$ cat upload.cif   # mmCIF, N, CA and C atoms
data_work
loop_
_atom_site.label_atom_id
_atom_site.label_comp_id
_atom_site.auth_asym_id
_atom_site.auth_seq_id
_atom_site.Cartn_x
_atom_site.Cartn_y
_atom_site.Cartn_z
N MET W 1 -6.70 -9.55 12.27
CA MET W 1 -5.61 -9.60 11.32
C MET W 1 -4.33 -9.15 12.02
N GLU W 2 -3.32 -9.96 11.90
CA GLU W 2 -2.02 -9.62 12.47
C GLU W 2 -1.24 -8.76 11.47
N ILE W 3 -0.56 -7.75 11.97
CA ILE W 3 0.27 -6.89 11.12
C ILE W 3 1.71 -7.02 11.58
N GLN W 4 2.60 -7.34 10.63
CA GLN W 4 4.02 -7.48 10.94
C GLN W 4 4.82 -6.56 10.02
N PHE W 5 5.92 -6.08 10.57
CA PHE W 5 6.88 -5.33 9.77
C PHE W 5 8.19 -6.10 9.73
N ARG W 6 8.74 -6.22 8.55
CA ARG W 6 10.04 -6.85 8.36
C ARG W 6 10.97 -5.79 7.80
N GLU W 7 12.12 -6.23 7.28
CA GLU W 7 13.06 -5.29 6.69
C GLU W 7 12.31 -4.40 5.69
N PHE W 8 12.51 -3.09 5.82
CA PHE W 8 11.71 -2.14 5.05
C PHE W 8 12.60 -1.18 4.28
N ASN W 9 12.50 -1.20 2.98
CA ASN W 9 13.15 -0.24 2.09
C ASN W 9 12.03 0.39 1.26
N PRO W 10 11.70 1.65 1.48
CA PRO W 10 10.55 2.25 0.80
C PRO W 10 10.67 2.25 -0.73
N PHE W 11 11.86 2.12 -1.25
CA PHE W 11 12.05 2.12 -2.70
C PHE W 11 11.98 0.72 -3.30
N ASP W 12 11.85 -0.29 -2.44
CA ASP W 12 11.82 -1.68 -2.89
C ASP W 12 11.15 -2.50 -1.79
N VAL W 13 9.82 -2.43 -1.72
CA VAL W 13 9.11 -3.09 -0.62
C VAL W 13 8.04 -4.04 -1.17
N TRP W 14 8.03 -5.23 -0.62
CA TRP W 14 6.98 -6.21 -0.90
C TRP W 14 5.98 -6.14 0.23
N ILE W 15 4.71 -6.19 -0.13
CA ILE W 15 3.63 -6.26 0.85
C ILE W 15 2.96 -7.62 0.65
N TRP W 16 2.91 -8.38 1.73
CA TRP W 16 2.44 -9.75 1.71
C TRP W 16 1.11 -9.86 2.46
N LEU W 17 0.23 -10.70 1.94
CA LEU W 17 -1.04 -10.99 2.59
C LEU W 17 -1.18 -12.50 2.74
N GLU W 18 -1.50 -12.95 3.94
CA GLU W 18 -1.81 -14.37 4.14
C GLU W 18 -3.31 -14.47 4.42
N PHE W 19 -3.99 -15.27 3.61
CA PHE W 19 -5.44 -15.42 3.71
C PHE W 19 -5.81 -16.67 4.52
N SER W 20 -7.04 -16.73 4.99
CA SER W 20 -7.56 -17.90 5.70
C SER W 20 -7.81 -19.04 4.73
N THR W 21 -8.26 -18.70 3.53
CA THR W 21 -8.54 -19.67 2.48
C THR W 21 -7.96 -19.12 1.18
N VAL W 22 -7.91 -19.94 0.18
CA VAL W 22 -7.48 -19.45 -1.14
C VAL W 22 -8.52 -18.40 -1.57
N PRO W 23 -8.08 -17.19 -1.90
CA PRO W 23 -9.04 -16.12 -2.21
C PRO W 23 -9.80 -16.39 -3.51
N SER W 24 -11.09 -16.06 -3.49
CA SER W 24 -11.94 -16.19 -4.68
C SER W 24 -11.64 -15.05 -5.65
N THR W 25 -12.23 -15.13 -6.81
CA THR W 25 -12.08 -14.05 -7.80
C THR W 25 -12.60 -12.73 -7.24
N ALA W 26 -13.73 -12.76 -6.57
CA ALA W 26 -14.30 -11.54 -5.99
C ALA W 26 -13.40 -10.97 -4.90
N GLU W 27 -12.84 -11.85 -4.06
CA GLU W 27 -11.94 -11.39 -3.00
C GLU W 27 -10.66 -10.79 -3.58
N LYS W 28 -10.15 -11.41 -4.63
CA LYS W 28 -8.97 -10.85 -5.30
C LYS W 28 -9.27 -9.46 -5.85
N HIS W 29 -10.47 -9.28 -6.36
CA HIS W 29 -10.86 -7.97 -6.89
C HIS W 29 -10.81 -6.90 -5.79
N TYR W 30 -11.32 -7.22 -4.60
CA TYR W 30 -11.25 -6.28 -3.48
C TYR W 30 -9.80 -5.91 -3.15
N ILE W 31 -8.95 -6.92 -3.08
CA ILE W 31 -7.53 -6.70 -2.76
C ILE W 31 -6.90 -5.79 -3.81
N GLU W 32 -7.11 -6.11 -5.07
CA GLU W 32 -6.50 -5.35 -6.16
C GLU W 32 -7.03 -3.93 -6.23
N GLU W 33 -8.32 -3.74 -5.97
CA GLU W 33 -8.89 -2.39 -5.95
C GLU W 33 -8.29 -1.55 -4.83
N LEU W 34 -8.09 -2.17 -3.67
CA LEU W 34 -7.49 -1.44 -2.55
C LEU W 34 -6.07 -1.02 -2.90
N PHE W 35 -5.25 -1.97 -3.39
CA PHE W 35 -3.88 -1.62 -3.77
C PHE W 35 -3.85 -0.56 -4.87
N ASP W 36 -4.70 -0.72 -5.90
CA ASP W 36 -4.72 0.24 -7.01
C ASP W 36 -5.11 1.63 -6.53
N SER W 37 -6.13 1.71 -5.68
CA SER W 37 -6.59 3.01 -5.16
C SER W 37 -5.51 3.66 -4.31
N TRP W 38 -4.90 2.87 -3.45
CA TRP W 38 -3.84 3.37 -2.58
C TRP W 38 -2.67 3.89 -3.41
N PHE W 39 -2.29 3.13 -4.43
CA PHE W 39 -1.18 3.56 -5.29
C PHE W 39 -1.53 4.84 -6.05
N LEU W 40 -2.75 4.93 -6.57
CA LEU W 40 -3.13 6.14 -7.30
C LEU W 40 -3.05 7.37 -6.40
N LEU W 41 -3.55 7.26 -5.18
CA LEU W 41 -3.44 8.38 -4.24
C LEU W 41 -1.97 8.72 -3.98
N GLY W 42 -1.15 7.68 -3.84
CA GLY W 42 0.28 7.91 -3.62
C GLY W 42 0.96 8.52 -4.83
N LYS W 43 0.58 8.07 -6.01
CA LYS W 43 1.15 8.60 -7.26
C LYS W 43 0.83 10.09 -7.41
N LEU W 44 -0.33 10.49 -6.90
CA LEU W 44 -0.76 11.89 -6.99
C LEU W 44 -0.26 12.74 -5.82
N GLY W 45 0.52 12.14 -4.92
CA GLY W 45 1.08 12.90 -3.80
C GLY W 45 0.17 13.04 -2.60
N GLY W 46 -0.82 12.18 -2.49
CA GLY W 46 -1.79 12.27 -1.40
C GLY W 46 -1.24 11.99 -0.02
N PHE W 47 -0.12 11.28 0.08
CA PHE W 47 0.42 10.91 1.39
C PHE W 47 1.59 11.83 1.74
N ASN W 48 1.27 13.10 1.93
CA ASN W 48 2.26 14.13 2.18
C ASN W 48 2.03 14.71 3.57
N ALA W 49 2.78 14.22 4.54
CA ALA W 49 2.61 14.65 5.93
C ALA W 49 3.04 16.10 6.16
N GLU W 50 3.75 16.70 5.21
CA GLU W 50 4.13 18.11 5.35
C GLU W 50 2.96 19.04 5.05
N ASN W 51 1.92 18.52 4.43
CA ASN W 51 0.78 19.36 4.08
C ASN W 51 -0.51 18.72 4.58
N LEU W 52 -0.69 18.75 5.88
CA LEU W 52 -1.91 18.23 6.51
C LEU W 52 -2.68 19.38 7.14
N GLN W 53 -3.01 20.35 6.33
CA GLN W 53 -3.62 21.57 6.84
C GLN W 53 -4.96 21.33 7.52
N VAL W 54 -5.78 20.48 6.96
CA VAL W 54 -7.09 20.21 7.55
C VAL W 54 -6.92 19.45 8.86
N GLN W 55 -6.07 18.44 8.87
CA GLN W 55 -5.79 17.67 10.09
C GLN W 55 -5.25 18.60 11.18
N ASP W 56 -4.34 19.47 10.80
CA ASP W 56 -3.73 20.38 11.77
C ASP W 56 -4.71 21.42 12.30
N ALA W 57 -5.75 21.72 11.53
CA ALA W 57 -6.73 22.71 11.98
C ALA W 57 -7.57 22.19 13.14
N GLY W 58 -7.68 20.90 13.26
CA GLY W 58 -8.48 20.34 14.34
C GLY W 58 -9.89 20.04 13.89
N ILE W 59 -10.79 20.01 14.86
CA ILE W 59 -12.15 19.57 14.58
C ILE W 59 -12.98 20.62 13.85
N GLU W 60 -12.66 21.87 14.02
CA GLU W 60 -13.45 22.94 13.40
C GLU W 60 -12.81 23.39 12.09
N VAL W 61 -13.39 22.97 10.98
CA VAL W 61 -12.85 23.35 9.68
C VAL W 61 -13.79 24.23 8.88
N SER W 62 -14.93 24.59 9.47
CA SER W 62 -15.84 25.49 8.77
C SER W 62 -15.13 26.80 8.44
N TYR W 63 -15.20 27.20 7.22
CA TYR W 63 -14.61 28.45 6.73
C TYR W 63 -13.10 28.53 6.94
N MET W 64 -12.46 27.38 7.01
CA MET W 64 -11.00 27.33 7.17
C MET W 64 -10.33 27.94 5.95
N GLU W 65 -9.26 28.65 6.17
CA GLU W 65 -8.46 29.22 5.07
C GLU W 65 -7.41 28.18 4.68
N TYR W 66 -7.47 27.72 3.44
CA TYR W 66 -6.50 26.75 2.95
C TYR W 66 -5.40 27.52 2.24
N SER W 67 -4.16 27.26 2.60
CA SER W 67 -3.04 28.01 2.06
C SER W 67 -2.39 27.27 0.89
N GLN W 68 -2.51 27.81 -0.29
CA GLN W 68 -1.82 27.26 -1.45
C GLN W 68 -0.31 27.43 -1.30
N GLU W 69 0.10 28.45 -0.59
CA GLU W 69 1.53 28.69 -0.36
C GLU W 69 2.14 27.56 0.47
N VAL W 70 1.46 27.18 1.55
CA VAL W 70 1.94 26.07 2.38
C VAL W 70 1.96 24.79 1.55
N ALA W 71 0.90 24.56 0.80
CA ALA W 71 0.82 23.35 -0.04
C ALA W 71 1.96 23.33 -1.06
N GLY W 72 2.23 24.46 -1.65
CA GLY W 72 3.27 24.54 -2.67
C GLY W 72 4.69 24.43 -2.12
N GLN W 73 4.88 24.76 -0.86
CA GLN W 73 6.21 24.72 -0.27
C GLN W 73 6.58 23.35 0.30
N SER W 74 5.60 22.45 0.41
CA SER W 74 5.93 21.13 0.96
C SER W 74 6.63 20.29 -0.10
N MET W 75 7.53 19.43 0.36
CA MET W 75 8.26 18.56 -0.56
C MET W 75 7.30 17.59 -1.24
N MET W 76 7.54 17.31 -2.52
CA MET W 76 6.71 16.34 -3.21
C MET W 76 6.80 15.00 -2.50
N ALA W 77 5.69 14.33 -2.37
CA ALA W 77 5.65 13.03 -1.70
C ALA W 77 4.87 12.07 -2.59
N VAL W 78 5.53 11.54 -3.59
CA VAL W 78 4.84 10.70 -4.57
C VAL W 78 5.41 9.28 -4.61
N MET W 79 4.51 8.33 -4.85
CA MET W 79 4.93 6.95 -5.09
C MET W 79 5.37 6.84 -6.54
N HIS W 80 6.25 5.89 -6.81
CA HIS W 80 6.81 5.76 -8.16
C HIS W 80 6.27 4.57 -8.94
N ASN W 81 6.29 3.38 -8.38
CA ASN W 81 5.93 2.17 -9.13
C ASN W 81 5.15 1.19 -8.28
N MET W 82 4.36 0.38 -8.99
CA MET W 82 3.61 -0.70 -8.37
C MET W 82 3.70 -1.90 -9.28
N GLY W 83 4.03 -3.05 -8.73
CA GLY W 83 4.00 -4.29 -9.51
C GLY W 83 2.59 -4.83 -9.58
N GLU W 84 2.43 -5.93 -10.26
CA GLU W 84 1.12 -6.59 -10.33
C GLU W 84 0.88 -7.35 -9.04
N VAL W 85 -0.38 -7.42 -8.64
CA VAL W 85 -0.74 -8.23 -7.47
C VAL W 85 -0.67 -9.69 -7.91
N GLU W 86 0.02 -10.50 -7.12
CA GLU W 86 0.21 -11.91 -7.44
C GLU W 86 -0.37 -12.77 -6.32
N TYR W 87 -0.76 -14.00 -6.68
CA TYR W 87 -1.34 -14.92 -5.71
C TYR W 87 -0.69 -16.29 -5.86
N GLN W 88 -0.53 -16.96 -4.73
CA GLN W 88 -0.03 -18.33 -4.72
C GLN W 88 -0.61 -19.01 -3.48
N GLY W 89 -1.57 -19.88 -3.68
CA GLY W 89 -2.21 -20.56 -2.55
C GLY W 89 -2.88 -19.58 -1.60
N PHE W 90 -2.47 -19.65 -0.32
CA PHE W 90 -3.05 -18.77 0.70
C PHE W 90 -2.36 -17.41 0.77
N TRP W 91 -1.45 -17.13 -0.16
CA TRP W 91 -0.67 -15.90 -0.12
C TRP W 91 -0.98 -14.97 -1.29
N GLY W 92 -0.85 -13.69 -1.04
CA GLY W 92 -0.88 -12.66 -2.07
C GLY W 92 0.27 -11.71 -1.79
N ARG W 93 0.74 -11.05 -2.84
CA ARG W 93 1.84 -10.10 -2.65
C ARG W 93 1.80 -9.05 -3.74
N CYS W 94 2.42 -7.92 -3.43
CA CYS W 94 2.57 -6.85 -4.42
C CYS W 94 3.82 -6.05 -4.06
N TRP W 95 4.55 -5.64 -5.09
CA TRP W 95 5.78 -4.88 -4.92
C TRP W 95 5.51 -3.40 -5.18
N PHE W 96 6.17 -2.54 -4.38
CA PHE W 96 6.02 -1.09 -4.53
C PHE W 96 7.36 -0.38 -4.41
N ASP W 97 7.47 0.72 -5.15
CA ASP W 97 8.48 1.74 -4.91
C ASP W 97 7.69 2.92 -4.36
N LEU W 98 7.75 3.12 -3.05
CA LEU W 98 6.95 4.15 -2.39
C LEU W 98 7.50 5.55 -2.60
N GLY W 99 8.65 5.66 -3.26
CA GLY W 99 9.21 6.97 -3.57
C GLY W 99 9.38 7.82 -2.33
N THR W 100 8.92 9.04 -2.40
CA THR W 100 9.05 9.98 -1.29
C THR W 100 7.77 10.12 -0.48
N SER W 101 6.79 9.23 -0.72
CA SER W 101 5.56 9.30 0.07
C SER W 101 5.91 9.06 1.55
N ASP W 102 5.13 9.65 2.42
CA ASP W 102 5.40 9.59 3.85
C ASP W 102 4.84 8.31 4.48
N ALA W 103 5.28 8.01 5.69
CA ALA W 103 4.83 6.83 6.42
C ALA W 103 3.32 6.84 6.65
N LEU W 104 2.73 8.00 6.52
CA LEU W 104 1.27 8.12 6.58
C LEU W 104 0.61 7.14 5.62
N ALA W 105 1.24 6.89 4.49
CA ALA W 105 0.71 5.96 3.49
C ALA W 105 0.56 4.56 4.07
N ILE W 106 1.53 4.12 4.85
CA ILE W 106 1.49 2.78 5.43
C ILE W 106 0.37 2.69 6.46
N ASP W 107 0.19 3.75 7.26
CA ASP W 107 -0.92 3.75 8.22
C ASP W 107 -2.26 3.63 7.50
N ILE W 108 -2.42 4.37 6.43
CA ILE W 108 -3.69 4.32 5.69
C ILE W 108 -3.90 2.95 5.08
N LEU W 109 -2.84 2.33 4.57
CA LEU W 109 -2.97 0.99 4.00
C LEU W 109 -3.34 -0.03 5.08
N THR W 110 -2.66 0.01 6.22
CA THR W 110 -2.98 -0.96 7.28
C THR W 110 -4.40 -0.76 7.81
N ASN W 111 -4.83 0.50 7.98
CA ASN W 111 -6.20 0.76 8.41
C ASN W 111 -7.20 0.20 7.41
N SER W 112 -6.92 0.38 6.13
CA SER W 112 -7.82 -0.09 5.08
C SER W 112 -7.89 -1.61 5.03
N PHE W 113 -6.74 -2.27 5.16
CA PHE W 113 -6.74 -3.73 5.15
C PHE W 113 -7.43 -4.29 6.40
N GLN W 114 -7.31 -3.61 7.53
CA GLN W 114 -8.02 -4.08 8.72
C GLN W 114 -9.53 -4.09 8.47
N ARG W 115 -10.05 -3.03 7.89
CA ARG W 115 -11.49 -2.95 7.61
C ARG W 115 -11.88 -3.96 6.54
N LEU W 116 -11.05 -4.09 5.50
CA LEU W 116 -11.34 -5.05 4.43
C LEU W 116 -11.41 -6.46 4.99
N SER W 117 -10.50 -6.80 5.90
CA SER W 117 -10.47 -8.12 6.50
C SER W 117 -11.71 -8.37 7.37
N GLU W 118 -12.18 -7.34 8.05
CA GLU W 118 -13.37 -7.49 8.89
C GLU W 118 -14.65 -7.62 8.09
N GLU W 119 -14.70 -6.97 6.93
CA GLU W 119 -15.95 -6.88 6.18
C GLU W 119 -16.05 -7.78 4.95
N PHE W 120 -14.92 -8.03 4.25
CA PHE W 120 -15.02 -8.65 2.93
C PHE W 120 -14.11 -9.85 2.69
N VAL W 121 -12.85 -9.78 3.08
CA VAL W 121 -11.87 -10.82 2.78
C VAL W 121 -11.11 -11.14 4.06
N LYS W 122 -11.26 -12.37 4.55
CA LYS W 122 -10.57 -12.73 5.79
C LYS W 122 -9.07 -12.84 5.53
N ILE W 123 -8.33 -11.91 6.13
CA ILE W 123 -6.87 -11.88 6.00
C ILE W 123 -6.29 -12.22 7.36
N GLU W 124 -5.44 -13.22 7.39
CA GLU W 124 -4.81 -13.63 8.65
C GLU W 124 -3.66 -12.70 9.02
N LYS W 125 -2.87 -12.32 7.99
CA LYS W 125 -1.65 -11.58 8.27
C LYS W 125 -1.36 -10.60 7.13
N LEU W 126 -0.95 -9.39 7.50
CA LEU W 126 -0.43 -8.39 6.56
C LEU W 126 1.02 -8.17 6.96
N ILE W 127 1.92 -8.39 6.02
CA ILE W 127 3.35 -8.24 6.29
C ILE W 127 3.90 -7.14 5.39
N ILE W 128 4.50 -6.14 5.99
CA ILE W 128 5.09 -5.03 5.27
C ILE W 128 6.59 -5.26 5.21
N GLY W 129 7.12 -5.46 4.00
CA GLY W 129 8.55 -5.62 3.81
C GLY W 129 9.00 -7.07 3.93
N GLY W 130 10.29 -7.25 3.75
CA GLY W 130 10.89 -8.56 3.88
C GLY W 130 10.55 -9.50 2.74
N GLN W 131 10.83 -10.76 2.99
CA GLN W 131 10.62 -11.79 1.99
C GLN W 131 9.83 -12.94 2.61
N ASN W 132 9.34 -13.82 1.76
CA ASN W 132 8.61 -15.00 2.18
C ASN W 132 9.44 -16.21 1.76
N GLU W 133 9.89 -17.01 2.71
CA GLU W 133 10.75 -18.15 2.41
C GLU W 133 10.13 -19.10 1.39
N ASP W 134 8.82 -19.24 1.42
CA ASP W 134 8.13 -20.17 0.54
C ASP W 134 7.86 -19.62 -0.86
N TRP W 135 8.12 -18.32 -1.05
CA TRP W 135 7.79 -17.69 -2.33
C TRP W 135 8.84 -16.64 -2.64
N PRO W 136 9.95 -17.03 -3.26
CA PRO W 136 11.04 -16.08 -3.53
C PRO W 136 10.59 -14.93 -4.44
N VAL W 137 11.19 -13.78 -4.21
CA VAL W 137 10.90 -12.62 -5.06
C VAL W 137 11.84 -12.63 -6.26
N PRO W 138 11.44 -12.00 -7.37
CA PRO W 138 12.32 -11.94 -8.55
C PRO W 138 13.65 -11.28 -8.21
N GLU W 139 14.69 -11.72 -8.89
CA GLU W 139 16.04 -11.19 -8.67
C GLU W 139 16.16 -9.73 -9.10
N ASN W 140 15.46 -9.36 -10.18
CA ASN W 140 15.54 -7.98 -10.66
C ASN W 140 14.16 -7.51 -11.09
N ASN W 141 14.01 -6.21 -11.18
CA ASN W 141 12.71 -5.62 -11.49
C ASN W 141 12.25 -5.90 -12.91
N ASP W 142 13.14 -6.36 -13.80
CA ASP W 142 12.74 -6.66 -15.17
C ASP W 142 11.75 -7.83 -15.22
N GLU W 143 11.77 -8.67 -14.18
CA GLU W 143 10.88 -9.84 -14.15
C GLU W 143 9.50 -9.49 -13.63
N MET W 144 9.29 -8.27 -13.16
CA MET W 144 8.00 -7.88 -12.59
C MET W 144 7.24 -7.02 -13.58
N GLY W 145 5.92 -7.18 -13.59
CA GLY W 145 5.07 -6.29 -14.37
C GLY W 145 4.76 -5.05 -13.56
N PHE W 146 4.73 -3.91 -14.19
CA PHE W 146 4.43 -2.65 -13.49
C PHE W 146 3.15 -2.06 -14.05
N TYR W 147 2.39 -1.43 -13.15
CA TYR W 147 1.22 -0.68 -13.57
C TYR W 147 1.65 0.68 -14.12
N ASP W 148 2.65 1.25 -13.50
CA ASP W 148 3.09 2.57 -13.93
C ASP W 148 4.53 2.74 -13.52
N ASN W 149 5.44 2.81 -14.46
CA ASN W 149 6.85 2.96 -14.09
C ASN W 149 7.44 4.26 -14.59
N ASN W 150 6.64 5.30 -14.59
CA ASN W 150 7.12 6.64 -14.96
C ASN W 150 7.56 7.38 -13.72
#

$ encode --input "upload.cif" --output "structure tokens"
Amino acid sequence: MEIQFREFNPFDVWIWLEFSTVPSTAEKHYIEELFDSWFLLGKLGGFNAENLQVQDAGIEVSYMEYSQEVAGQSMMAVMHNMGEVEYQGFWGRCWFDLGTSDALAIDILTNSFQRLSEEFVKIEKLIIGGQNEDWPVPENNDEMGFYDNN
């Protein structure tokens, strides 16, 4: 699977998927579950690079002391909105407002799509940001459905 980055605005980003074939209902379910799960983790602040205490501890985490103070002092890193996953022929797309979530979120998404493409849904290309000449994006957010716009 090829991964490309185009113009990137974390508060207004389209994520594009190009498939080898028109995705089946089951394949669409995998894609939607991945996006939904990723967004839920982001909505809950899971992609906060300021609070990676376990990662920073290294390989030995037995009896590690977890600091609520450190966790509480880190800036909130939450995603704000997710549009509906849409499909058109060999393409899929979804719009996000990534809010203050860290770039760690994008790494986790690309890692997840790489595995999904190897195991379940053949994805030719994952494009982060930008537009698709063959499939214009809505002019304003009122034309998009949101899962959660709070």

$ select_by_dssp --input "upload.cif" --residues "segment 69-134 of chain W" --states "strand (DSSP E or B)" --output "list in words"
Asn81, Met82, Gly83, Glu86, Tyr87, Gln88, Trp91, Gly92, Arg93, Cys94, Trp95, Phe96, Asp97, Ile123, Glu124, Lys125, Leu126, Ile127, Ile128 and Asn132 of chain W

$ closest_residue --input "upload.cif" --among "W:Ala77, W:Val54, W:Ala49, W:Leu17" --to "Ile123 of chain W" --atoms "all atoms listed in the file"
W:Leu17

$ residues_around --input "upload.cif" --residues "Asn51 of chain W" --least-positions-apart "3" --cutoff "8 Å" --atoms "only N, CA and C atoms" --output "list in words"
Phe47, Asn48, Val54, Gln55, Asp56, Val70, Ala71, Gly72, Gln73, Ser74 and Met75 of chain W

$ residues_around --input "upload.cif" --residues "Tyr30 of chain W" --least-positions-apart "6" --cutoff "8 Å" --atoms "only N, CA and C atoms" --output "list in words"
Ser24, Asp36, Leu116, Phe120 and Val121 of chain W

$ select_by_dssp --input "upload.cif" --residues "chain W" --states "helix (DSSP H, G or I)" --output "PyMOL selection string"
chain W and resi 25-43+53-57+68-73+104-119+141-143

$ resolve_selection --input "upload.cif" --expression "the PyMOL selection byres ((chain W and resi 94) around 8)" --output "list in words"
Val13, Trp14, Ile15, Trp16, Leu17, Met82, Gly83, Glu84, Val85, Glu86, Tyr87, Gly92, Arg93, Trp95, Phe96 and Asp97 of chain W

$ residues_near_point --input "upload.cif" --point "(9.2, -5.2, 13.4)" --cutoff "10 Å" --atoms "only C-alpha atoms" --output "ChimeraX atom specification"
/W:3-8,127-129

$ closest_residue --input "upload.cif" --among "W:Trp135, W:Phe90, W:Trp38, W:Phe19" --to "Ile108 of chain W" --atoms "all atoms listed in the file"
W:Trp38

$ atom_distance --input "upload.cif" --atom1 "atom CA of Ala103 of chain W" --atom2 "atom C of Ser20 of chain W"
28.8 Å

$ atom_distance --input "upload.cif" --atom1 "atom CA of Gln131 of chain W" --atom2 "atom CA of Leu41 of chain W"
25.4 Å

$ resolve_selection --input "upload.cif" --expression "the PyMOL selection byres ((chain W and resi 102) around 8)" --output "ChimeraX atom specification"
/W:42,45-50,76-79,98-101,103-107
